[in-house]
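Data block for run36.pdb (PDB, C-alpha atoms and all ligand atoms):
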ATOM      1  CA  MET A   1      -6.050-200.769 -16.330
ATOM      2  CA  PRO A   2      -7.777-202.997 -18.882
ATOM      3  CA  ARG A   3     -10.410-201.317 -21.005
ATOM      4  CA  GLN A   4     -13.851-202.293 -19.940
ATOM      5  CA  ILE A   5     -16.059-203.482 -22.732
ATOM      6  CA  ASN A   6     -19.731-202.732 -22.665
ATOM      7  CA  GLU A   7     -22.391-202.443 -25.356
ATOM      8  CA  ASP A   8     -21.722-198.764 -26.023
ATOM      9  CA  ASP A   9     -18.005-199.200 -26.064
ATOM     10  CA  ARG A  10     -17.170-200.288 -29.552
ATOM     11  CA  PRO A  11     -13.677-201.477 -30.356
ATOM     12  CA  THR A  12     -11.617-198.636 -31.752
ATOM     13  CA  GLU A  13     -11.110-198.869 -35.478
ATOM     14  CA  ASP A  14      -7.854-197.837 -37.012
ATOM     15  CA  ASP A  15      -7.924-195.268 -39.763
ATOM     16  CA  LEU A  16      -7.654-197.792 -42.548
ATOM     17  CA  ALA A  17     -10.573-199.799 -41.287
ATOM     18  CA  ARG A  18     -12.580-196.594 -41.026
ATOM     19  CA  LYS A  19     -11.734-195.652 -44.583
ATOM     20  CA  GLU A  20     -12.668-199.111 -45.740
ATOM     21  CA  GLN A  21     -16.035-198.871 -44.037
ATOM     22  CA  ALA A  22     -16.619-195.397 -45.376
ATOM     23  CA  LYS A  23     -16.574-196.899 -48.853
ATOM     24  CA  ARG A  24     -18.994-199.639 -47.962
ATOM     25  CA  LYS A  25     -22.228-197.817 -48.566
ATOM     26  CA  PRO A  26     -25.063-200.235 -47.879
ATOM     27  CA  ARG A  27     -28.025-200.828 -50.161
ATOM     28  CA  VAL A  28     -31.040-198.779 -49.117
ATOM     29  CA  THR A  29     -33.724-200.941 -47.552
ATOM     30  CA  ALA A  30     -36.710-200.188 -45.337
ATOM     31  CA  GLN A  31     -34.704-201.619 -42.455
ATOM     32  CA  LEU A  32     -31.760-199.299 -43.113
ATOM     33  CA  LEU A  33     -34.121-196.331 -43.267
ATOM     34  CA  ALA A  34     -35.787-197.307 -40.011
ATOM     35  CA  ARG A  35     -32.391-197.473 -38.358
ATOM     36  CA  GLY A  36     -31.447-194.128 -39.895
ATOM     37  CA  HIS A  37     -34.690-192.643 -38.629
ATOM     38  CA  ASP A  38     -33.929-193.762 -35.065
ATOM     39  CA  GLN A  39     -30.367-192.541 -35.167
ATOM     40  CA  PHE A  40     -31.288-189.236 -36.772
ATOM     41  CA  ASP A  41     -33.873-188.541 -34.094
ATOM     42  CA  VAL A  42     -31.341-189.284 -31.351
ATOM     43  CA  PHE A  43     -28.211-187.617 -32.695
ATOM     44  CA  CYS A  44     -29.296-184.997 -35.202
ATOM     45  CA  ALA A  45     -32.832-183.853 -34.390
ATOM     46  CA  PRO A  46     -31.804-181.961 -31.219
ATOM     47  CA  CYS A  47     -30.258-179.364 -33.551
ATOM     48  CA  HIS A  48     -31.630-180.133 -37.003
ATOM     49  CA  ASP A  49     -35.165-180.978 -35.786
ATOM     50  CA  ARG A  50     -36.972-184.137 -36.813
ATOM     51  CA  VAL A  51     -37.538-183.105 -40.398
ATOM     52  CA  GLY A  52     -34.203-181.381 -40.897
ATOM     53  CA  THR A  53     -35.232-177.751 -41.223
ATOM     54  CA  GLY A  54     -32.779-176.679 -38.521
ATOM     55  CA  ARG A  55     -35.107-175.686 -35.722
ATOM     56  CA  GLY A  56     -34.156-178.236 -33.103
ATOM     57  CA  ILE A  57     -34.690-177.725 -29.411
ATOM     58  CA  VAL A  58     -31.000-176.971 -28.807
ATOM     59  CA  VAL A  59     -31.098-174.232 -31.438
ATOM     60  CA  GLU A  60     -34.029-172.659 -29.689
ATOM     61  CA  ARG A  61     -31.782-172.497 -26.661
ATOM     62  CA  GLY A  62     -29.026-170.569 -28.375
ATOM     63  CA  MET A  63     -27.016-173.075 -30.413
ATOM     64  CA  PRO A  64     -26.109-171.696 -33.877
ATOM     65  CA  ARG A  65     -28.810-172.590 -36.354
ATOM     66  CA  PRO A  66     -27.831-175.232 -38.890
ATOM     67  CA  PRO A  67     -28.867-174.821 -42.508
ATOM     68  CA  SER A  68     -31.974-176.651 -43.588
ATOM     69  CA  LEU A  69     -31.121-180.077 -44.981
ATOM     70  CA  HIS A  70     -33.619-179.207 -47.713
ATOM     71  CA  ASP A  71     -31.540-176.309 -49.039
ATOM     72  CA  GLN A  72     -30.907-176.610 -52.751
ATOM     73  CA  ARG A  73     -27.151-176.954 -52.085
ATOM     74  CA  LEU A  74     -27.597-179.813 -49.630
ATOM     75  CA  PHE A  75     -30.218-181.459 -51.802
ATOM     76  CA  GLY A  76     -27.564-181.502 -54.509
ATOM     77  CA  ALA A  77     -24.691-182.626 -52.273
ATOM     78  CA  ASP A  78     -23.576-186.223 -52.627
ATOM     79  CA  ASP A  79     -23.974-188.940 -50.016
ATOM     80  CA  GLN A  80     -20.297-188.870 -49.154
ATOM     81  CA  HIS A  81     -20.590-185.225 -48.063
ATOM     82  CA  PHE A  82     -23.219-186.154 -45.475
ATOM     83  CA  TYR A  83     -21.183-189.127 -44.336
ATOM     84  CA  ASP A  84     -18.145-186.865 -43.898
ATOM     85  CA  VAL A  85     -20.092-184.187 -42.025
ATOM     86  CA  ILE A  86     -21.429-186.816 -39.622
ATOM     87  CA  SER A  87     -17.950-188.297 -39.169
ATOM     88  CA  ASN A  88     -15.851-185.148 -38.896
ATOM     89  CA  GLY A  89     -18.255-182.324 -38.202
ATOM     90  CA  TYR A  90     -18.599-179.150 -40.219
ATOM     91  CA  GLY A  91     -17.924-175.591 -39.070
ATOM     92  CA  ALA A  92     -19.734-175.102 -35.774
ATOM     93  CA  MET A  93     -21.006-178.678 -35.762
ATOM     94  CA  TYR A  94     -18.843-181.212 -33.979
ATOM     95  CA  GLY A  95     -18.194-184.622 -35.504
ATOM     96  CA  HIS A  96     -20.005-187.759 -34.417
ATOM     97  CA  GLY A  97     -17.374-190.218 -35.604
ATOM     98  CA  ASP A  98     -16.719-191.452 -32.085
ATOM     99  CA  ARG A  99     -20.402-192.017 -31.328
ATOM    100  CA  ILE A 100     -22.040-193.285 -34.464
ATOM    101  CA  ARG A 101     -20.597-196.319 -36.191
ATOM    102  CA  PRO A 102     -20.039-196.257 -39.947
ATOM    103  CA  SER A 103     -23.012-198.463 -40.840
ATOM    104  CA  ASP A 104     -25.283-196.193 -38.805
ATOM    105  CA  ARG A 105     -23.806-193.111 -40.475
ATOM    106  CA  TRP A 106     -24.865-194.565 -43.816
ATOM    107  CA  ALA A 107     -28.281-195.346 -42.383
ATOM    108  CA  ILE A 108     -28.623-191.685 -41.361
ATOM    109  CA  VAL A 109     -27.494-190.551 -44.819
ATOM    110  CA  ALA A 110     -30.143-192.776 -46.411
ATOM    111  CA  TYR A 111     -32.745-191.357 -44.077
ATOM    112  CA  ILE A 112     -31.747-187.753 -44.867
ATOM    113  CA  ARG A 113     -32.207-188.599 -48.543
ATOM    114  CA  ALA A 114     -35.687-189.869 -47.787
ATOM    115  CA  LEU A 115     -36.449-186.696 -45.831
ATOM    116  CA  GLN A 116     -35.225-184.588 -48.720
ATOM    117  CA  LEU A 117     -37.343-186.541 -51.175
ATOM    118  CA  SER A 118     -40.331-186.076 -48.942
ATOM    119  CA  GLN A 119     -39.933-182.324 -49.466
ATOM    120  CA  HIS A 120     -38.845-182.243 -53.092
ATOM    121  CA  ALA A 121     -40.626-185.121 -54.742
ATOM    122  CA  SER A 122     -44.220-186.100 -54.968
ATOM    123  CA  MET A 123     -45.226-188.783 -52.494
ATOM    124  CA  ALA A 124     -45.849-191.090 -55.438
ATOM    125  CA  ASP A 125     -42.073-191.269 -56.025
ATOM    126  CA  ILE A 126     -41.527-192.726 -52.584
ATOM    127  CA  PRO A 127     -41.871-196.457 -51.894
ATOM    128  CA  PRO A 128     -44.909-197.302 -49.716
ATOM    129  CA  ASP A 129     -42.925-198.556 -46.713
ATOM    130  CA  VAL A 130     -40.857-195.374 -46.685
ATOM    131  CA  ARG A 131     -43.996-193.293 -47.079
ATOM    132  CA  GLN A 132     -45.281-194.951 -43.927
ATOM    133  CA  THR A 133     -42.134-193.851 -42.062
ATOM    134  CA  MET A 134     -42.620-190.312 -43.336
ATOM    135  CA  ALA A 135     -46.218-190.250 -42.232
ATOM    136  CA  GLU A 136     -45.253-191.342 -38.726
ATOM    137  CA  LYS A 137     -42.588-188.684 -38.695
ATOM    138  CA  LYS A 138     -44.915-185.875 -39.631
ATOM    139  CA  SER A 139     -47.351-186.372 -36.789
ATOM    140  CA  PRO A 140     -45.422-185.457 -33.647
TER     141      PRO A 140
HETATM  142  C1  LIG A 201     -25.273-179.677 -31.472
HETATM  143  C2  LIG A 201     -26.035-179.386 -32.668
HETATM  144  C3  LIG A 201     -25.900-180.292 -33.867
HETATM  145  C4  LIG A 201     -26.030-181.666 -33.915
HETATM  146  C5  LIG A 201     -26.297-182.614 -32.783
HETATM  147  C6  LIG A 201     -25.879-182.019 -35.308
HETATM  148  N1  LIG A 201     -25.662-180.902 -36.064
HETATM  149 FE1  LIG A 201     -25.382-180.853 -38.075
HETATM  150  N2  LIG A 201     -25.036-178.858 -37.969
HETATM  151  C7  LIG A 201     -25.107-178.087 -36.825
HETATM  152  C8  LIG A 201     -24.732-176.720 -37.134
HETATM  153  C9  LIG A 201     -24.704-175.559 -36.152
HETATM  154  C10 LIG A 201     -24.404-176.698 -38.505
HETATM  155  C11 LIG A 201     -23.895-175.499 -39.311
HETATM  156  C12 LIG A 201     -22.393-175.502 -39.160
HETATM  157  C13 LIG A 201     -21.709-174.366 -39.869
HETATM  158  O1  LIG A 201     -22.082-174.077 -41.036
HETATM  159  O2  LIG A 201     -20.798-173.777 -39.268
HETATM  160  C14 LIG A 201     -24.633-178.060 -39.002
HETATM  161  C15 LIG A 201     -24.473-178.435 -40.321
HETATM  162  C16 LIG A 201     -24.810-179.671 -40.819
HETATM  163  C17 LIG A 201     -24.857-180.018 -42.221
HETATM  164  C18 LIG A 201     -24.578-179.066 -43.381
HETATM  165  C19 LIG A 201     -23.159-179.139 -43.869
HETATM  166  C20 LIG A 201     -22.996-178.192 -45.036
HETATM  167  O3  LIG A 201     -22.485-178.629 -46.072
HETATM  168  O4  LIG A 201     -23.386-177.012 -44.912
HETATM  169  C21 LIG A 201     -25.257-181.313 -42.303
HETATM  170  C22 LIG A 201     -25.439-182.137 -43.565
HETATM  171  C23 LIG A 201     -25.457-181.786 -40.964
HETATM  172  N3  LIG A 201     -25.185-180.767 -40.093
HETATM  173  C24 LIG A 201     -25.859-183.058 -40.634
HETATM  174  C25 LIG A 201     -26.005-183.523 -39.331
HETATM  175  C26 LIG A 201     -26.339-184.876 -39.001
HETATM  176  C27 LIG A 201     -26.637-185.961 -40.011
HETATM  177  C28 LIG A 201     -26.357-184.956 -37.650
HETATM  178  C29 LIG A 201     -26.603-186.180 -36.790
HETATM  179  C30 LIG A 201     -25.681-187.265 -36.973
HETATM  180  C31 LIG A 201     -26.034-183.650 -37.129
HETATM  181  N4  LIG A 201     -25.833-182.813 -38.184
HETATM  182  C32 LIG A 201     -25.975-183.319 -35.790
HETATM  183  C33 LIG A 201     -25.479-178.518 -35.581
HETATM  184  C34 LIG A 201     -25.665-179.833 -35.223
END
Turn the structure described in the file into C-alpha cells.
Amino acid sequence: MPRQINEDDRPTEDDLARKEQAKRKPRVTAQLLARGHDQFDVFCAPCHDRVGTGRGIVVERGMPRPPSLHDQRLFGADDQHFYDVISNGYGAMYGHGDRIRPSDRWAIVAYIRALQLSQHASMADIPPDVRQTMAEKKSP
C-alpha cells in the first residue's frame, strides 16, 4: 500500500541526512525562539513544565520527575547535548526524533537557552524581543 502523505507525515530521512542536519545549527533569531517556544510548550512542557523546572502536569500524575533545566549541570551542558536528548531520549525520557524535525529541535534548544538565561542572567542581558517572550511565558 502506498504511503499516504499528509502534513504531519514528513518524509523519512536516512541516517546520513539526519546527521547532516544535526550539524546545521541555525542562527538564533526571534523567529527561531518563537518557534522553539511553541514546540517546547507542546512537546516538553507536559513533563518539564513551561519554564523547565520539571513540574509538568504529567509528572503530577505519576511520571518520573525530570531534573530542572536550570540545574547547574544542564546550564553548563552544550547545545548538542540538548539536541541529542530531544532526538534520542535520555534515561526514562523517550526520544522525540520521530516527531520533531531537526530544525525544530534546534529551535527548542535555543528556547531552552533563553529560559536558562531568564533564570541565571539579569533581564538586561536578554534582547528586548526575547524579553517580551519571557514576559508572556511567565504570566500563565
Ligand atoms: C513524558 C515526559 C517527558 C517529555 C514529554 C519530555 N521529557 Fe525530558 N525528561 C523527562 C524525564 C523523566 C527526564 C529524566 C530522565 C532520567 O534522568 O532518567 C528528562 C530529562 C531531560 C533532560 C535532562 C537530560 C540530562 O542530561 O539529565 C533534558 C535536557 C530534557 N529532558 C529535555 C526535554 C525536551 C527539550 C523535551 C521536549 C522536546 C522533553 N525533554 C520532553 C521527561 C520528559
Can you list, as JSON, numbers by chain, every protein, DNA or RNA residue that comes within 12 Å of His70 of chain A when you count all atoms listed in the file, leaving out same-chain residues fewer than 6 positions away? {"A": [48, 51, 52, 53, 54, 76, 77, 112, 113, 114, 115, 116, 117, 118, 119, 120, 121]}
Of the listed residues A:Thr29, A:Ser68, A:Ser103, A:Thr133, that which approaches ligand LIG 201 (chain A) most closely, counting only C-alpha atoms and all ligand atoms: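 So, comparing all the options, the nearest one is A:Ser68.
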Please return as a ChimeraX atom specification the residues found within 6 Å of ligand LIG 201 (chain A), counting only C-alpha atoms and all ligand atoms. /A:40,43-44,46-47,64-67,82,85-86,90-93
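Take the candidates A:Ala30, A:Ala45, A:Leu69, A:Ala110 and check each one against Ile57 of chain A using all atoms listed in the file; the shortest distance goes to A:Ala45.
Pairwise distance (atom CA of Trp106 of chain A, atom CA of Pro128 of chain A) equals 21.1 Å.
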Could you check how far atom CA of Lys23 of chain A sits from atom CA of Arg101 of chain A, in Å to one decimal?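 Result for atom CA of Lys23 of chain A versus atom CA of Arg101 of chain A: 13.3 Å, one decimal.
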Which is closest to Asp84 of chain A among A:Met63, A:Ile108, A:Val58, A:Leu32, if we use all atoms listed in the file? A:Ile108
Selected residue, from A:Val42, A:Met134, A:Ala17, A:Val28, that lies nearest to Pro102 of chain A when counting all atoms listed in the file: A:Ala17
Distance in Å - atom CA of Val109 of chain A versus atom CA of Asp41 of chain A: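 Calculated distance between atom CA of Val109 of chain A and atom CA of Asp41 of chain A is 12.6 Å.
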For Lys25 of chain A, the nearest of the candidates A:Tyr111, A:Tyr83, A:Asn88, A:Gly95, counting only C-alpha atoms: A:Tyr83
Grab segment 31-59 of chain A from that structure and dump N, CA and C atoms to a file, as a PDB file, in the first residue's frame.
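The resulting out14.pdb:
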ATOM      1  N   GLN A  31      12.482  34.800  15.611  1.00  0.00           N
ATOM      2  CA  GLN A  31      11.567  33.862  14.961  1.00  0.00           C
ATOM      3  C   GLN A  31      11.853  32.419  15.406  1.00  0.00           C
ATOM      4  N   LEU A  32      13.138  32.079  15.450  1.00  0.00           N
ATOM      5  CA  LEU A  32      13.534  30.739  15.888  1.00  0.00           C
ATOM      6  C   LEU A  32      13.071  30.502  17.331  1.00  0.00           C
ATOM      7  N   LEU A  33      13.249  31.530  18.163  1.00  0.00           N
ATOM      8  CA  LEU A  33      12.853  31.389  19.565  1.00  0.00           C
ATOM      9  C   LEU A  33      11.350  31.234  19.714  1.00  0.00           C
ATOM     10  N   ALA A  34      10.610  31.961  18.877  1.00  0.00           N
ATOM     11  CA  ALA A  34       9.148  31.853  18.942  1.00  0.00           C
ATOM     12  C   ALA A  34       8.713  30.435  18.568  1.00  0.00           C
ATOM     13  N   ARG A  35       9.352  29.903  17.541  1.00  0.00           N
ATOM     14  CA  ARG A  35       9.068  28.535  17.131  1.00  0.00           C
ATOM     15  C   ARG A  35       9.434  27.546  18.248  1.00  0.00           C
ATOM     16  N   GLY A  36      10.607  27.774  18.847  1.00  0.00           N
ATOM     17  CA  GLY A  36      11.051  26.919  19.941  1.00  0.00           C
ATOM     18  C   GLY A  36      10.091  26.974  21.116  1.00  0.00           C
ATOM     19  N   HIS A  37       9.597  28.166  21.392  1.00  0.00           N
ATOM     20  CA  HIS A  37       8.627  28.363  22.465  1.00  0.00           C
ATOM     21  C   HIS A  37       7.378  27.498  22.216  1.00  0.00           C
ATOM     22  N   ASP A  38       6.839  27.614  21.020  1.00  0.00           N
ATOM     23  CA  ASP A  38       5.655  26.816  20.647  1.00  0.00           C
ATOM     24  C   ASP A  38       5.907  25.331  20.821  1.00  0.00           C
ATOM     25  N   GLN A  39       7.010  24.883  20.245  1.00  0.00           N
ATOM     26  CA  GLN A  39       7.314  23.457  20.251  1.00  0.00           C
ATOM     27  C   GLN A  39       7.602  22.961  21.668  1.00  0.00           C
ATOM     28  N   PHE A  40       8.281  23.763  22.438  1.00  0.00           N
ATOM     29  CA  PHE A  40       8.572  23.384  23.823  1.00  0.00           C
ATOM     30  C   PHE A  40       7.265  23.211  24.594  1.00  0.00           C
ATOM     31  N   ASP A  41       6.362  24.155  24.429  1.00  0.00           N
ATOM     32  CA  ASP A  41       5.101  24.081  25.166  1.00  0.00           C
ATOM     33  C   ASP A  41       4.298  22.836  24.776  1.00  0.00           C
ATOM     34  N   VAL A  42       4.389  22.449  23.508  1.00  0.00           N
ATOM     35  CA  VAL A  42       3.637  21.275  23.051  1.00  0.00           C
ATOM     36  C   VAL A  42       4.309  19.979  23.507  1.00  0.00           C
ATOM     37  N   PHE A  43       5.609  19.864  23.250  1.00  0.00           N
ATOM     38  CA  PHE A  43       6.267  18.565  23.408  1.00  0.00           C
ATOM     39  C   PHE A  43       6.989  18.373  24.746  1.00  0.00           C
ATOM     40  N   CYS A  44       7.386  19.427  25.376  1.00  0.00           N
ATOM     41  CA  CYS A  44       8.232  19.287  26.562  1.00  0.00           C
ATOM     42  C   CYS A  44       7.518  19.693  27.848  1.00  0.00           C
ATOM     43  N   ALA A  45       6.704  20.756  27.764  1.00  0.00           N
ATOM     44  CA  ALA A  45       6.077  21.297  28.967  1.00  0.00           C
ATOM     45  C   ALA A  45       5.196  20.290  29.718  1.00  0.00           C
ATOM     46  N   PRO A  46       4.558  19.318  29.020  1.00  0.00           N
ATOM     47  CA  PRO A  46       3.747  18.367  29.788  1.00  0.00           C
ATOM     48  C   PRO A  46       4.545  17.704  30.917  1.00  0.00           C
ATOM     49  N   CYS A  47       5.819  17.504  30.731  1.00  0.00           N
ATOM     50  CA  CYS A  47       6.658  16.916  31.785  1.00  0.00           C
ATOM     51  C   CYS A  47       7.564  17.958  32.450  1.00  0.00           C
ATOM     52  N   HIS A  48       8.151  18.816  31.620  1.00  0.00           N
ATOM     53  CA  HIS A  48       9.163  19.741  32.155  1.00  0.00           C
ATOM     54  C   HIS A  48       8.554  21.042  32.661  1.00  0.00           C
ATOM     55  N   ASP A  49       7.297  21.244  32.464  1.00  0.00           N
ATOM     56  CA  ASP A  49       6.527  22.464  32.721  1.00  0.00           C
ATOM     57  C   ASP A  49       7.024  23.612  31.842  1.00  0.00           C
ATOM     58  N   ARG A  50       6.254  24.679  31.801  1.00  0.00           N
ATOM     59  CA  ARG A  50       6.515  25.719  30.796  1.00  0.00           C
ATOM     60  C   ARG A  50       7.786  26.519  31.029  1.00  0.00           C
ATOM     61  N   VAL A  51       8.307  26.470  32.231  1.00  0.00           N
ATOM     62  CA  VAL A  51       9.583  27.156  32.457  1.00  0.00           C
ATOM     63  C   VAL A  51      10.732  26.187  32.701  1.00  0.00           C
ATOM     64  N   GLY A  52      10.447  24.895  32.634  1.00  0.00           N
ATOM     65  CA  GLY A  52      11.536  23.918  32.664  1.00  0.00           C
ATOM     66  C   GLY A  52      11.992  23.461  34.037  1.00  0.00           C
ATOM     67  N   THR A  53      11.177  23.694  35.065  1.00  0.00           N
ATOM     68  CA  THR A  53      11.609  23.276  36.394  1.00  0.00           C
ATOM     69  C   THR A  53      11.275  21.808  36.678  1.00  0.00           C
ATOM     70  N   GLY A  54      10.506  21.187  35.790  1.00  0.00           N
ATOM     71  CA  GLY A  54      10.255  19.750  35.945  1.00  0.00           C
ATOM     72  C   GLY A  54       8.999  19.408  36.720  1.00  0.00           C
ATOM     73  N   ARG A  55       8.043  20.334  36.704  1.00  0.00           N
ATOM     74  CA  ARG A  55       6.799  20.060  37.429  1.00  0.00           C
ATOM     75  C   ARG A  55       5.600  20.055  36.497  1.00  0.00           C
ATOM     76  N   GLY A  56       5.770  19.410  35.354  1.00  0.00           N
ATOM     77  CA  GLY A  56       4.680  19.370  34.379  1.00  0.00           C
ATOM     78  C   GLY A  56       3.496  18.556  34.869  1.00  0.00           C
ATOM     79  N   ILE A  57       2.409  18.725  34.180  1.00  0.00           N
ATOM     80  CA  ILE A  57       1.141  18.094  34.551  1.00  0.00           C
ATOM     81  C   ILE A  57       1.256  16.564  34.583  1.00  0.00           C
ATOM     82  N   VAL A  58       2.041  16.004  33.659  1.00  0.00           N
ATOM     83  CA  VAL A  58       2.188  14.556  33.583  1.00  0.00           C
ATOM     84  C   VAL A  58       2.958  14.037  34.797  1.00  0.00           C
ATOM     85  N   VAL A  59       3.900  14.849  35.267  1.00  0.00           N
ATOM     86  CA  VAL A  59       4.688  14.482  36.444  1.00  0.00           C
ATOM     87  C   VAL A  59       3.792  14.458  37.675  1.00  0.00           C
TER      88      VAL A  59
END
